[in-house]
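Structure file structure-v7.pdb (PDB, C-alpha atoms) is printed below.
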```
ATOM      1  CA  MET X  13       0.000   0.000   0.000
ATOM      2  CA  THR X  14       1.483   3.324  -1.015
ATOM      3  CA  VAL X  15       0.922   6.316   1.225
ATOM      4  CA  GLY X  16       0.201   9.449  -0.776
ATOM      5  CA  ALA X  17       1.636  12.917  -0.346
ATOM      6  CA  ALA X  18      -1.282  14.228   1.710
ATOM      7  CA  ALA X  19      -0.896  11.796   4.576
ATOM      8  CA  GLN X  20       2.092  11.558   6.891
ATOM      9  CA  PRO X  21       3.270   7.926   6.721
ATOM     10  CA  LEU X  22       3.397   6.425  10.210
ATOM     11  CA  THR X  23       5.909   3.698   9.413
ATOM     12  CA  GLY X  24       6.514   1.141  12.112
ATOM     13  CA  ALA X  25      10.256   0.499  11.713
ATOM     14  CA  PRO X  26      11.628   3.607  13.456
ATOM     15  CA  ALA X  27       9.045   3.429  16.230
ATOM     16  CA  ALA X  28       9.746  -0.280  16.772
ATOM     17  CA  GLU X  29      13.486   0.379  16.829
ATOM     18  CA  ALA X  30      13.037   3.005  19.533
ATOM     19  CA  LEU X  31      10.969   0.557  21.596
ATOM     20  CA  LEU X  32      13.534  -2.209  21.117
ATOM     21  CA  GLU X  33      16.335   0.130  22.175
ATOM     22  CA  GLU X  34      14.462   0.916  25.376
ATOM     23  CA  ALA X  35      13.857  -2.793  25.992
ATOM     24  CA  ALA X  36      17.561  -3.521  25.494
ATOM     25  CA  ARG X  37      18.585  -0.725  27.845
ATOM     26  CA  ARG X  38      16.239  -1.880  30.591
ATOM     27  CA  ALA X  39      17.157  -5.539  30.110
ATOM     28  CA  ALA X  40      20.851  -4.691  30.495
ATOM     29  CA  ALA X  41      20.103  -3.029  33.841
ATOM     30  CA  LEU X  42      18.711  -6.271  35.316
ATOM     31  CA  PRO X  43      20.924  -8.779  37.191
ATOM     32  CA  ALA X  44      20.105 -11.490  34.626
ATOM     33  CA  ALA X  45      18.837 -11.370  31.078
ATOM     34  CA  PRO X  46      15.027 -11.722  30.903
ATOM     35  CA  HIS X  47      14.033 -15.103  29.485
ATOM     36  CA  LEU X  48      11.158 -15.641  27.057
ATOM     37  CA  ALA X  49       9.648 -19.118  26.719
ATOM     38  CA  LEU X  50       7.912 -19.628  23.366
ATOM     39  CA  VAL X  51       5.467 -22.536  23.186
ATOM     40  CA  ARG X  52       4.481 -23.811  19.746
ATOM     41  CA  VAL X  53       2.219 -26.787  19.081
ATOM     42  CA  GLY X  54       2.440 -28.257  15.587
ATOM     43  CA  ASP X  55       4.385 -27.236  12.508
ATOM     44  CA  ASP X  56       2.160 -24.664  10.847
ATOM     45  CA  PRO X  57       4.622 -22.828   8.545
ATOM     46  CA  ALA X  58       3.428 -19.365   9.553
ATOM     47  CA  SER X  59       3.675 -20.204  13.263
ATOM     48  CA  VAL X  60       7.145 -21.678  12.804
ATOM     49  CA  ALA X  61       8.293 -18.506  11.045
ATOM     50  CA  TYR X  62       6.693 -16.191  13.617
ATOM     51  CA  VAL X  63       8.235 -18.010  16.562
ATOM     52  CA  ARG X  64      11.654 -18.151  14.903
ATOM     53  CA  GLY X  65      11.495 -14.413  14.233
ATOM     54  CA  LYS X  66      10.519 -13.605  17.826
ATOM     55  CA  ALA X  67      13.368 -15.712  19.219
ATOM     56  CA  LYS X  68      15.871 -14.069  16.875
ATOM     57  CA  LYS X  69      14.705 -10.570  17.777
ATOM     58  CA  ALA X  70      14.862 -11.432  21.479
ATOM     59  CA  THR X  71      18.550 -12.329  21.118
ATOM     60  CA  GLN X  72      19.233  -9.058  19.313
ATOM     61  CA  VAL X  73      18.034  -7.002  22.282
ATOM     62  CA  GLY X  74      19.854  -9.038  24.926
ATOM     63  CA  LEU X  75      17.088 -11.396  26.002
ATOM     64  CA  SER X  76      17.413 -15.153  26.202
ATOM     65  CA  SER X  77      14.715 -17.391  24.785
ATOM     66  CA  GLN X  78      13.784 -21.004  24.220
ATOM     67  CA  VAL X  79      11.296 -22.484  21.777
ATOM     68  CA  HIS X  80       9.298 -25.386  23.202
ATOM     69  CA  ALA X  81       8.075 -27.099  20.026
ATOM     70  CA  LEU X  82       5.440 -29.764  20.652
ATOM     71  CA  PRO X  83       3.996 -32.229  18.105
ATOM     72  CA  GLU X  84       0.670 -31.438  16.442
ATOM     73  CA  ASP X  85      -1.130 -34.210  18.346
ATOM     74  CA  THR X  86       0.085 -33.190  21.812
ATOM     75  CA  ALA X  87      -2.673 -33.707  24.385
ATOM     76  CA  GLN X  88      -3.995 -30.676  26.224
ATOM     77  CA  ALA X  89      -2.826 -32.148  29.549
ATOM     78  CA  GLU X  90       0.749 -32.214  28.241
ATOM     79  CA  VAL X  91       0.600 -28.572  27.184
ATOM     80  CA  LEU X  92      -0.785 -27.622  30.591
ATOM     81  CA  ALA X  93       1.981 -29.606  32.298
ATOM     82  CA  LEU X  94       4.621 -27.726  30.324
ATOM     83  CA  LEU X  95       3.037 -24.396  31.238
ATOM     84  CA  ALA X  96       2.977 -25.379  34.912
ATOM     85  CA  THR X  97       6.706 -26.117  34.722
ATOM     86  CA  LEU X  98       7.437 -22.786  33.044
ATOM     87  CA  ASN X  99       5.239 -20.942  35.541
ATOM     88  CA  ALA X 100       7.212 -22.438  38.432
ATOM     89  CA  ASP X 101      10.643 -21.735  36.918
ATOM     90  CA  PRO X 102      12.033 -18.484  38.392
ATOM     91  CA  ALA X 103      14.407 -18.167  35.435
ATOM     92  CA  VAL X 104      11.461 -17.741  33.021
ATOM     93  CA  SER X 105      10.317 -14.125  32.793
ATOM     94  CA  GLY X 106       7.660 -14.434  30.116
ATOM     95  CA  ILE X 107       5.620 -17.147  28.408
ATOM     96  CA  LEU X 108       4.033 -16.888  24.971
ATOM     97  CA  VAL X 109       1.773 -19.577  23.520
ATOM     98  CA  GLN X 110       1.784 -19.178  19.751
ATOM     99  CA  LEU X 111      -1.682 -18.986  18.229
ATOM    100  CA  PRO X 112      -3.556 -20.504  16.495
ATOM    101  CA  LEU X 113      -3.469 -23.821  18.330
ATOM    102  CA  PRO X 114      -4.506 -27.147  16.762
ATOM    103  CA  ALA X 115      -8.279 -27.657  16.764
ATOM    104  CA  HIS X 116      -8.283 -30.259  19.554
ATOM    105  CA  LEU X 117      -6.793 -27.778  22.044
ATOM    106  CA  ASN X 118      -8.875 -25.216  23.934
ATOM    107  CA  PRO X 119      -7.082 -21.868  23.668
ATOM    108  CA  GLU X 120      -9.102 -20.341  26.517
ATOM    109  CA  VAL X 121      -8.018 -23.075  28.921
ATOM    110  CA  ILE X 122      -4.408 -22.977  27.786
ATOM    111  CA  LEU X 123      -4.002 -19.192  27.831
ATOM    112  CA  THR X 124      -5.608 -19.016  31.275
ATOM    113  CA  ALA X 125      -3.048 -21.548  32.536
ATOM    114  CA  VAL X 126      -0.208 -19.066  32.016
ATOM    115  CA  ASP X 127       0.872 -17.269  35.190
ATOM    116  CA  PRO X 128      -0.492 -13.700  34.806
ATOM    117  CA  ARG X 129       2.883 -12.345  35.941
ATOM    118  CA  LYS X 130       4.449 -14.053  32.915
ATOM    119  CA  ASP X 131       1.597 -13.380  30.468
ATOM    120  CA  VAL X 132       3.590 -11.361  27.941
ATOM    121  CA  ASP X 133       0.757 -11.697  25.410
ATOM    122  CA  GLY X 134      -1.510  -9.816  27.837
ATOM    123  CA  LEU X 135      -4.418 -12.202  27.192
ATOM    124  CA  HIS X 136      -5.004 -13.727  30.641
ATOM    125  CA  PRO X 137      -8.299 -12.709  32.318
ATOM    126  CA  VAL X 138      -6.277 -11.143  35.142
ATOM    127  CA  SER X 139      -4.363  -9.048  32.590
ATOM    128  CA  THR X 140      -7.665  -8.052  30.982
ATOM    129  CA  GLY X 141      -9.124  -7.065  34.330
ATOM    130  CA  ARG X 142      -6.109  -4.953  35.209
ATOM    131  CA  LEU X 143      -6.323  -3.221  31.844
ATOM    132  CA  TRP X 144     -10.023  -2.359  32.158
ATOM    133  CA  THR X 145      -9.589  -1.092  35.720
ATOM    134  CA  ALA X 146      -6.548   0.994  34.710
ATOM    135  CA  GLN X 147      -4.196  -0.967  36.974
ATOM    136  CA  ALA X 148      -0.584  -1.722  36.107
ATOM    137  CA  GLY X 149      -0.121  -4.937  34.165
ATOM    138  CA  LEU X 150       0.946  -6.552  30.923
ATOM    139  CA  ARG X 151      -0.986  -5.337  27.864
ATOM    140  CA  PRO X 152      -1.788  -7.177  24.607
ATOM    141  CA  CYS X 153       1.073  -6.613  22.191
ATOM    142  CA  THR X 154      -0.638  -5.180  19.112
ATOM    143  CA  PRO X 155      -2.831  -2.640  20.974
ATOM    144  CA  ALA X 156       0.088  -1.591  23.172
ATOM    145  CA  GLY X 157       2.219  -1.348  20.043
ATOM    146  CA  VAL X 158      -0.360   0.982  18.475
ATOM    147  CA  MET X 159      -0.167   3.222  21.544
ATOM    148  CA  ALA X 160       3.639   3.227  21.344
ATOM    149  CA  LEU X 161       3.436   4.120  17.638
ATOM    150  CA  LEU X 162       1.130   7.073  18.367
ATOM    151  CA  ALA X 163       3.451   8.268  21.137
ATOM    152  CA  PHE X 164       6.525   7.986  18.900
ATOM    153  CA  TYR X 165       4.969  10.219  16.254
ATOM    154  CA  GLY X 166       3.497  12.628  18.771
ATOM    155  CA  VAL X 167      -0.110  11.927  17.790
ATOM    156  CA  PRO X 168      -2.370  13.397  20.501
ATOM    157  CA  VAL X 169      -4.815  11.030  22.179
ATOM    158  CA  ALA X 170      -6.243  12.814  25.223
ATOM    159  CA  GLY X 171      -9.481  14.589  24.417
ATOM    160  CA  ARG X 172      -9.648  13.175  20.893
ATOM    161  CA  ARG X 173     -12.571  11.274  19.403
ATOM    162  CA  ALA X 174     -11.337   7.753  18.631
ATOM    163  CA  VAL X 175     -13.254   5.164  16.634
ATOM    164  CA  ILE X 176     -12.132   1.539  16.477
ATOM    165  CA  VAL X 177     -13.614  -0.708  13.793
ATOM    166  CA  GLY X 178     -13.308  -4.271  15.063
ATOM    167  CA  ARG X 179     -14.135  -5.704  18.492
ATOM    168  CA  SER X 180     -11.822  -8.701  18.779
ATOM    169  CA  ALA X 181     -10.287  -9.677  22.109
ATOM    170  CA  LEU X 182      -6.845  -9.415  20.508
ATOM    171  CA  VAL X 183      -7.053  -5.840  19.200
ATOM    172  CA  GLY X 184     -10.312  -3.913  19.272
ATOM    173  CA  ARG X 185     -11.459  -4.393  22.854
ATOM    174  CA  PRO X 186      -8.075  -3.968  24.589
ATOM    175  CA  LEU X 187      -7.210  -0.985  22.401
ATOM    176  CA  ALA X 188     -10.494   0.647  23.422
ATOM    177  CA  ALA X 189      -9.439   0.283  27.060
ATOM    178  CA  LEU X 190      -5.949   1.686  26.392
ATOM    179  CA  LEU X 191      -7.386   4.704  24.590
ATOM    180  CA  LEU X 192      -9.929   5.269  27.365
ATOM    181  CA  ASN X 193      -7.121   5.110  29.922
ATOM    182  CA  ALA X 194      -5.301   7.737  27.834
ATOM    183  CA  ASP X 195      -8.378  10.041  28.043
ATOM    184  CA  ALA X 196      -9.720   9.590  24.517
ATOM    185  CA  THR X 197     -13.465   9.427  23.882
ATOM    186  CA  VAL X 198     -13.872   5.987  22.332
ATOM    187  CA  THR X 199     -16.470   4.392  20.063
ATOM    188  CA  LEU X 200     -16.104   0.680  19.326
ATOM    189  CA  ALA X 201     -17.750  -0.122  15.980
ATOM    190  CA  HIS X 202     -18.150  -3.503  14.305
ATOM    191  CA  SER X 203     -19.898  -5.496  11.579
ATOM    192  CA  ARG X 204     -23.357  -4.801  13.033
ATOM    193  CA  THR X 205     -22.867  -1.049  13.395
ATOM    194  CA  PRO X 206     -25.521   0.747  11.278
ATOM    195  CA  ASP X 207     -24.155   3.309   8.813
ATOM    196  CA  LEU X 208     -20.545   2.561   9.659
ATOM    197  CA  GLY X 209     -19.292   5.457   7.522
ATOM    198  CA  ALA X 210     -21.253   7.988   9.568
ATOM    199  CA  VAL X 211     -19.521   6.703  12.701
ATOM    200  CA  THR X 212     -15.992   6.585  11.249
ATOM    201  CA  ARG X 213     -16.310  10.113   9.847
ATOM    202  CA  GLU X 214     -16.533  11.416  13.406
ATOM    203  CA  ALA X 215     -13.079  10.092  14.293
ATOM    204  CA  ASP X 216     -10.015  12.226  14.865
ATOM    205  CA  LEU X 217      -8.253   8.899  15.366
ATOM    206  CA  LEU X 218      -9.557   5.954  13.338
ATOM    207  CA  VAL X 219      -8.278   2.412  13.941
ATOM    208  CA  VAL X 220      -9.375  -0.383  11.606
ATOM    209  CA  ALA X 221      -8.817  -3.996  12.669
ATOM    210  CA  VAL X 222     -11.308  -6.201  10.860
ATOM    211  CA  GLY X 223      -9.409  -8.303   8.319
ATOM    212  CA  ARG X 224     -11.408  -7.183   5.295
ATOM    213  CA  ALA X 225      -9.411  -5.628   2.460
ATOM    214  CA  HIS X 226     -10.212  -1.973   1.728
ATOM    215  CA  LEU X 227     -13.246  -1.899   4.004
ATOM    216  CA  VAL X 228     -12.679   1.766   4.827
ATOM    217  CA  THR X 229     -12.784   4.126   1.851
ATOM    218  CA  THR X 230     -12.193   7.847   1.420
ATOM    219  CA  GLU X 231     -15.769   8.939   2.096
ATOM    220  CA  MET X 232     -15.627   7.168   5.482
ATOM    221  CA  VAL X 233     -12.709   9.237   6.794
ATOM    222  CA  LYS X 234     -12.732  12.681   8.354
ATOM    223  CA  PRO X 235     -10.274  14.968   6.494
ATOM    224  CA  GLY X 236      -7.030  15.226   8.430
ATOM    225  CA  ALA X 237      -7.756  12.243  10.687
ATOM    226  CA  THR X 238      -5.040   9.893  11.881
ATOM    227  CA  VAL X 239      -5.773   6.418  10.478
ATOM    228  CA  ILE X 240      -4.211   3.278  11.933
ATOM    229  CA  ASP X 241      -4.627   0.240   9.669
ATOM    230  CA  VAL X 242      -4.140  -2.941  11.689
ATOM    231  CA  GLY X 243      -5.582  -5.231   9.023
ATOM    232  CA  ILE X 244      -3.409  -7.321   6.759
ATOM    233  CA  ASN X 245      -4.945  -9.205   3.837
ATOM    234  CA  ARG X 246      -3.541 -11.078   0.864
ATOM    235  CA  VAL X 247      -5.321 -10.178  -2.356
ATOM    236  CA  PRO X 248      -4.806 -11.878  -5.734
ATOM    237  CA  THR X 249      -2.610 -10.400  -8.437
ATOM    238  CA  GLU X 250      -2.237 -11.221 -12.121
ATOM    239  CA  ASP X 251       1.000 -13.124 -11.524
ATOM    240  CA  GLY X 252      -0.780 -15.368  -9.025
ATOM    241  CA  LYS X 253       1.524 -14.475  -6.136
ATOM    242  CA  GLY X 254      -0.855 -12.089  -4.396
ATOM    243  CA  ARG X 255       0.041  -8.978  -2.443
ATOM    244  CA  LEU X 256      -0.537  -7.707   1.059
ATOM    245  CA  THR X 257      -2.927  -4.847   1.678
ATOM    246  CA  GLY X 258      -4.775  -3.387   4.630
ATOM    247  CA  ASP X 259      -8.345  -2.812   5.724
ATOM    248  CA  VAL X 260      -8.060   0.802   4.545
ATOM    249  CA  HIS X 261      -8.201   1.685   0.844
ATOM    250  CA  PRO X 262      -4.949   3.270  -0.428
ATOM    251  CA  ALA X 263      -6.870   6.328  -1.659
ATOM    252  CA  VAL X 264      -7.491   7.294   1.996
ATOM    253  CA  ALA X 265      -3.946   8.674   1.916
ATOM    254  CA  GLY X 266      -5.369  11.637   0.035
ATOM    255  CA  VAL X 267      -7.798  12.450   2.841
ATOM    256  CA  ALA X 268      -6.106  11.433   6.084
ATOM    257  CA  GLY X 269      -3.590  13.563   7.910
ATOM    258  CA  ALA X 270      -1.527  10.501   8.842
ATOM    259  CA  LEU X 271      -1.761   6.852   7.855
ATOM    260  CA  THR X 272       0.052   3.602   8.654
ATOM    261  CA  PRO X 273       1.246   1.633   5.605
ATOM    262  CA  VAL X 274       0.490  -2.054   5.108
ATOM    263  CA  PRO X 275       2.818  -3.808   5.324
ATOM    264  CA  GLY X 276       5.335  -1.898   7.419
ATOM    265  CA  GLY X 277       3.045  -0.031   9.793
ATOM    266  CA  VAL X 278       1.680  -1.670  12.929
ATOM    267  CA  GLY X 279       3.319  -5.058  12.230
ATOM    268  CA  PRO X 280       6.832  -4.288  13.539
ATOM    269  CA  MET X 281       5.350  -2.841  16.734
ATOM    270  CA  THR X 282       3.796  -6.138  17.835
ATOM    271  CA  VAL X 283       7.066  -8.049  18.214
ATOM    272  CA  ALA X 284       8.811  -5.021  19.730
ATOM    273  CA  GLN X 285       6.058  -4.738  22.337
ATOM    274  CA  LEU X 286       6.286  -8.475  23.087
ATOM    275  CA  LEU X 287       9.953  -8.070  23.991
ATOM    276  CA  MET X 288       9.227  -4.944  26.023
ATOM    277  CA  ASN X 289       6.532  -6.901  27.871
ATOM    278  CA  THR X 290       9.113  -9.591  28.658
ATOM    279  CA  VAL X 291      11.396  -6.963  30.164
ATOM    280  CA  LEU X 292       8.516  -5.415  32.115
ATOM    281  CA  ALA X 293       7.598  -8.858  33.469
ATOM    282  CA  ALA X 294      11.203  -9.477  34.533
ATOM    283  CA  GLU X 295      11.361  -6.088  36.266
ATOM    284  CA  THR X 296       8.133  -6.754  38.163
ATOM    285  CA  GLN X 297       9.210 -10.260  39.205
ATOM    286  CA  ARG X 298      12.516  -8.883  40.512
ATOM    287  CA  GLN X 299      10.685  -6.235  42.523
ATOM    288  CA  GLU X 300       8.351  -8.861  43.966
ATOM    289  CA  ALA X 301      11.268 -11.133  44.886
ATOM    290  CA  ALA X 302      12.964  -8.215  46.629
ATOM    291  CA  GLY X 303       9.789  -7.349  48.529
ATOM    292  CA  GLU X 304       9.581  -3.975  46.794
ATOM    293  CA  LEU X 305       6.203  -4.606  45.179
ATOM    294  CA  VAL X 306       2.984  -5.888  46.672
ATOM    295  CA  ARG X 307       0.106  -6.711  44.311
TER     296      ARG X 307
END
```

Structure translated into structure tokens:
Amino acid sequence: MTVGAAAQPLTGAPAAEALLEEAARRAAALPAAPHLALVRVGDDPASVAYVRGKAKKATQVGLSSQVHALPEDTAQAEVLALLATLNADPAVSGILVQLPLPAHLNPEVILTAVDPRKDVDGLHPVSTGRLWTAQAGLRPCTPAGVMALLAFYGVPVAGRRAVIVGRSALVGRPLAALLLNADATVTLAHSRTPDLGAVTREADLLVVAVGRAHLVTTEMVKPGATVIDVGINRVPTEDGKGRLTGDVHPAVAGVAGALTPVPGGVGPMTVAQLLMNTVLAAETQRQEAAGELVR
């Protein structure tokens, strides 16, 4: 997706690099390198690539990591046993269970089995509760990455009208809470919202996270708005290879004041935030061990 001259391109690489530099600095200040345990069940090619990339990036910022690769047919009890071992290991700072899981595994049960103090994905019910009550805790990586991206580019949030299109537990709902906690006025829209364009046109800050290519078009965007495109879709091309595009039509670049590209916008922020979460978890666990923090 090409960002036009009218819109400031909010590219993720420099913002992610700044976040990774902060994670590296804070990790170096700890007595031991934070350790990230990555749990993968099965050999889905995308999951294998994602986990490999996360482990490599962790090493680059001074974290240690280990991939726990389990066979596709691993019983749920075995996964839970592994998580119990990782929860009890004081050397493990953070635990990430790579999604999606094979169909015979219950993701709700498995994600809830992760110690909330080590829940670097920010998906445990305790993490969700802390988020919605504005308490300190680990936040879901993509929504927290969006907030870090906005901060990096100096996009104001407090007092702004924010509209999120998409109500998933991974992005839409937690991002609504983060924006509320940052004093935005938030509307959470979705597939059953009547006259979606009328709602999105009210947004100073528009976030689209649906997974439907080019859902948001120029007439749905308030001139000068900041538009964050979280969607990533593969659409067919004449050569048969396909190309990646977002939920926002490229022509929106001529209307918006700022726009994230796809690819290269929000994507890099997710992994950077995961590693920052691992450092935050390690810092909190050290404070708890030293009796400096009571939760």

### Query
Written as a ChimeraX atom specification, what is the full residue list that the PyMOL selection byres ((chain X and resi 257) around 12) yields on the file shown?
/X:13-15,223-227,241-249,254-256,258-262,272-277

### Message
Given the PyMOL selection byres ((chain X and resi 197) around 12) and the file above, list the residues it selects as a PyMOL selection string.
### Response
chain X and resi 169-176+188-196+198-200+214-218

Can you write just those residues out, C-alpha atoms, as a PDB file, in the coordinates of the input?
```pdb
ATOM      1  CA  VAL X 169      -4.815  11.030  22.179  1.00  0.00           C
ATOM      2  CA  ALA X 170      -6.243  12.814  25.223  1.00  0.00           C
ATOM      3  CA  GLY X 171      -9.481  14.589  24.417  1.00  0.00           C
ATOM      4  CA  ARG X 172      -9.648  13.175  20.893  1.00  0.00           C
ATOM      5  CA  ARG X 173     -12.571  11.274  19.403  1.00  0.00           C
ATOM      6  CA  ALA X 174     -11.337   7.753  18.631  1.00  0.00           C
ATOM      7  CA  VAL X 175     -13.254   5.164  16.634  1.00  0.00           C
ATOM      8  CA  ILE X 176     -12.132   1.539  16.477  1.00  0.00           C
ATOM      9  CA  ALA X 188     -10.494   0.647  23.422  1.00  0.00           C
ATOM     10  CA  ALA X 189      -9.439   0.283  27.060  1.00  0.00           C
ATOM     11  CA  LEU X 190      -5.949   1.686  26.392  1.00  0.00           C
ATOM     12  CA  LEU X 191      -7.386   4.704  24.590  1.00  0.00           C
ATOM     13  CA  LEU X 192      -9.929   5.269  27.365  1.00  0.00           C
ATOM     14  CA  ASN X 193      -7.121   5.110  29.922  1.00  0.00           C
ATOM     15  CA  ALA X 194      -5.301   7.737  27.834  1.00  0.00           C
ATOM     16  CA  ASP X 195      -8.378  10.041  28.043  1.00  0.00           C
ATOM     17  CA  ALA X 196      -9.720   9.590  24.517  1.00  0.00           C
ATOM     18  CA  VAL X 198     -13.872   5.987  22.332  1.00  0.00           C
ATOM     19  CA  THR X 199     -16.470   4.392  20.063  1.00  0.00           C
ATOM     20  CA  LEU X 200     -16.104   0.680  19.326  1.00  0.00           C
ATOM     21  CA  GLU X 214     -16.533  11.416  13.406  1.00  0.00           C
ATOM     22  CA  ALA X 215     -13.079  10.092  14.293  1.00  0.00           C
ATOM     23  CA  ASP X 216     -10.015  12.226  14.865  1.00  0.00           C
ATOM     24  CA  LEU X 217      -8.253   8.899  15.366  1.00  0.00           C
ATOM     25  CA  LEU X 218      -9.557   5.954  13.338  1.00  0.00           C
TER      26      LEU X 218
END
```

### Query
What do you get, as a ChimeraX atom specification, if you spell out every residue that the PyMOL selection byres ((chain X and resi 202) around 10) selects here?
/X:176-180,184,199-201,203-206,208,220-222

### Close residues, X:Glu29 itself excluded, 12 Å, all atoms listed in the file, min 6 positions apart in chain, as a PyMOL selection string
chain X and resi 23+35-36+69+72-73+157+160-161+164+280-285+287-288

List as a PDB file with C-alpha atoms, keeping the file's coordinate frame the protein and nucleic acid residues near X:Leu143, meaning an atom at most 12 Å away when all atoms listed in the file are counted, but skip any in the same chain fewer than 3 places from it.
```
ATOM      1  CA  GLY X 134      -1.510  -9.816  27.837  1.00  0.00           C
ATOM      2  CA  LEU X 135      -4.418 -12.202  27.192  1.00  0.00           C
ATOM      3  CA  HIS X 136      -5.004 -13.727  30.641  1.00  0.00           C
ATOM      4  CA  PRO X 137      -8.299 -12.709  32.318  1.00  0.00           C
ATOM      5  CA  VAL X 138      -6.277 -11.143  35.142  1.00  0.00           C
ATOM      6  CA  SER X 139      -4.363  -9.048  32.590  1.00  0.00           C
ATOM      7  CA  THR X 140      -7.665  -8.052  30.982  1.00  0.00           C
ATOM      8  CA  ALA X 146      -6.548   0.994  34.710  1.00  0.00           C
ATOM      9  CA  GLN X 147      -4.196  -0.967  36.974  1.00  0.00           C
ATOM     10  CA  ALA X 148      -0.584  -1.722  36.107  1.00  0.00           C
ATOM     11  CA  GLY X 149      -0.121  -4.937  34.165  1.00  0.00           C
ATOM     12  CA  LEU X 150       0.946  -6.552  30.923  1.00  0.00           C
ATOM     13  CA  ARG X 151      -0.986  -5.337  27.864  1.00  0.00           C
ATOM     14  CA  PRO X 152      -1.788  -7.177  24.607  1.00  0.00           C
ATOM     15  CA  PRO X 155      -2.831  -2.640  20.974  1.00  0.00           C
ATOM     16  CA  ALA X 156       0.088  -1.591  23.172  1.00  0.00           C
ATOM     17  CA  ARG X 185     -11.459  -4.393  22.854  1.00  0.00           C
ATOM     18  CA  PRO X 186      -8.075  -3.968  24.589  1.00  0.00           C
ATOM     19  CA  LEU X 187      -7.210  -0.985  22.401  1.00  0.00           C
ATOM     20  CA  ALA X 188     -10.494   0.647  23.422  1.00  0.00           C
ATOM     21  CA  ALA X 189      -9.439   0.283  27.060  1.00  0.00           C
ATOM     22  CA  LEU X 190      -5.949   1.686  26.392  1.00  0.00           C
ATOM     23  CA  LEU X 191      -7.386   4.704  24.590  1.00  0.00           C
ATOM     24  CA  LEU X 192      -9.929   5.269  27.365  1.00  0.00           C
ATOM     25  CA  ASN X 193      -7.121   5.110  29.922  1.00  0.00           C
ATOM     26  CA  ALA X 194      -5.301   7.737  27.834  1.00  0.00           C
TER      27      ALA X 194
END
```

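What separates atom CA of X:Val126 from atom CA of X:Asn99 is a distance of 6.8 Å.
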
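Between atom CA of X:Pro168 and atom CA of X:Glu34 lies a distance of 21.5 Å.
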
### Query
With all atoms listed in the file as the atoms that count, which of X:Glu33, X:Ala125, X:Gly24, X:Gln88 lies nearest to X:Val53?
X:Gln88
